[in-house]
Amino acid sequence: MSIIGIDIGSTTIKIIEYKDKKIINSKISINRNAEEVLEDFLKSNNIDINNIEQIVLTGIGANQFKSNKYGIPMKTVKEFIAVSTGGLKLANKEEGLIVSIGTGTALVKASKQDVKHLGGTGVGAGTLMKLCKKLVNIEDFNDIVELSKKGDLSKIDIRICDRTEEKIDTLPPYLTLSNFGNLSEDATDADITLGILHMIFEVIAMMAVFATKNDINKEVILIGNIVTIPNIKTLLKQIENLHNITFIIPENPQFAVVIGAIESLTK
């Protein structure tokens with residue numbers, strides 16, 4: 001018997017079939033109707049509803065399901081519980097700061113005993129998608145990823161090295177002074193896309209830095225579909241070196257919340 005997990009966010013729906021603590025099938029959909037997403041998921045993966053033990057829901061839109069679907073038992077898990085359980089499990093950690101980047105971003109300090117929502121920001125994947133749509137007329141996530149690989153930040157941001165050759169305390173020359181402060185007239189769509197991506201991750205990463213300032217544990221677990229973008233790792237490494245923290249991107253970070261929802265009920 002398998003379990004269906006559904007994370008219903010404000011812009012995307014993530015759904016998995018989970019069995020023996022492994023993802024059997026998965027899908028990320030922008031369809032706003034979660035029941036239609038579920039029906040399509042079952043059909044496209046030839047999943048027999050008689051082999052489904054339970055449906056587990058989480059996310060801001062979890063109340064879309066008004067009753068048990070197909071007569072299968074259905075349970076809802078609070079999102080921050082799902083975030084903490086999934087983040088710790090995928091990172092194989094007992095405790096840590098989990099930064100869950102969805103449409104916006106939530107910072108959750110978690111351990112096996114306690115879960116505390118520290119706060120968050122409206123900057124997240126929703127910011128990326130809509131700014132890219134408005135500024136470069138691209139909204140597809142995969143297209144954004146590919147285009148950003150061709151970008152040049154020197155045509156977008158002002159860095160310390162762009163304004164002075166003198167050393168400023170311990171600050172590295174690549175440090176950003178102003179996001180989009182050097183926006184060039186000949187900046188390409190790729191440059192702008194990379195600039196948007198860079199700005200979003202600088203904001204989120206620095207919030208994580210501040211959240212760990214008074215904490216002995218300097219490990220930060222990043223989850224969400226947006227953290228699968230390869231070229232953010234350079235930026236994260238720079239911030240790690242500057243602030244003596246460690247960013248962890250676990251396997252399957254895009255499904256961490258829905259995995260956490262299931263695991264929180266099956267411990």
# chains A, B, ... in the order shown; residues from 1 in each chain; ligands from 1

$ select_by_dssp --residues "range 2-189 of chain A" --states "alpha helix (DSSP H)" --output "ChimeraX atom specification"
/A:34-44,79-91,125-136,141-148,160-163,189

$ residues_around --residues "Leu175 in chain A" --least-positions-apart "2" --cutoff "6 Å" --atoms "only C-alpha atoms" --output "ChimeraX atom specification"
/A:159-160,172-173

$ closest_residue --among "A:Ile8, A:Val220, A:Cys132, A:Met207" --to "Ile30 in chain A" --atoms "only C-alpha atoms"
A:Ile8

$ residues_around --residues "Ala34 in chain A" --least-positions-apart "3" --cutoff "9 Å" --atoms "only C-alpha atoms" --output "MDAnalysis selection string"
chainID A and resid 6 8 13 31 37:39 61:62 64:65

$ closest_atom_pairs --of "range 172-258 of chain A" --to "range 71-81 of chain A" --cutoff "12 Å" --atoms "only C-alpha atoms" --output "tab-separated table"
residue	atom	partner	partner_atom	distance
A:Ala256	CA	A:Glu79	CA	11.1
A:Val257	CA	A:Glu79	CA	7.5
A:Val258	CA	A:Glu79	CA	9.0

$ write_last_selection --atoms "N, CA and C atoms" --output "compact mmCIF listing (two decimals), in the first residue's frame"
# COMPACT_ATOMS: atom_id res chain seq x y z
N ALA A 256 10.29 18.29 -0.15
CA ALA A 256 10.56 18.16 1.28
C ALA A 256 9.32 18.35 2.14
N VAL A 257 8.49 19.33 1.80
CA VAL A 257 7.32 19.63 2.63
C VAL A 257 6.30 18.50 2.57
N VAL A 258 6.05 17.98 1.38
CA VAL A 258 5.06 16.92 1.27
C VAL A 258 5.58 15.61 1.87

$ residues_around --residues "Ile239 in chain A" --least-positions-apart "3" --cutoff "9 Å" --atoms "only C-alpha atoms" --output "list in words"
Glu202, Ala205, Met206, Val209, Thr234, Leu235, Leu236, Leu242, His243, Asn244, Ile245 and Thr246 of chain A

$ residues_around --residues "Leu183 in chain A" --least-positions-apart "2" --cutoff "7 Å" --atoms "only C-alpha atoms" --output "PyMOL selection string"
chain A and resi 155-157+180-181+185+187

$ write_last_selection --atoms "C-alpha atoms" --output "PDB file, in the first residue's frame"
ATOM      1  CA  LYS A 155      25.586  44.402 -16.319  1.00  0.00           C
ATOM      2  CA  ILE A 156      23.087  44.335 -13.454  1.00  0.00           C
ATOM      3  CA  ASP A 157      24.570  44.765  -9.976  1.00  0.00           C
ATOM      4  CA  PHE A 180      20.136  46.224 -10.184  1.00  0.00           C
ATOM      5  CA  GLY A 181      22.084  49.371  -9.297  1.00  0.00           C
ATOM      6  CA  GLU A 185      21.223  49.687 -21.361  1.00  0.00           C
ATOM      7  CA  ALA A 187      21.649  44.153 -20.526  1.00  0.00           C
TER       8      ALA A 187
END

$ select_by_dssp --residues "range 105-261 of chain A" --states "strand (DSSP E)" --output "PyMOL selection string"
chain A and resi 105-111+115-121+158-159+176-178+219-223+246-248

$ closest_residue --among "A:Gly5, A:Gly87, A:Gly124, A:Gly260" --to "Val203 in chain A" --atoms "only C-alpha atoms"
A:Gly124

$ residues_around --residues "His117 in chain A" --least-positions-apart "5" --cutoff "7 Å" --atoms "only C-alpha atoms" --output "list of chain:residue names"
A:Leu107, A:Val108, A:Lys109

$ atom_distance --atom1 "CA of Ile28 in chain A" --atom2 "CA of Phe141 in chain A"
11.0 Å

$ atom_distance --atom1 "CA of Lys14 in chain A" --atom2 "CA of Lys27 in chain A"
5.9 Å

$ closest_residue --among "A:Asn137, A:Asn68, A:Ile98, A:Thr176" --to "Gln238 in chain A" --atoms "only C-alpha atoms"
A:Thr176
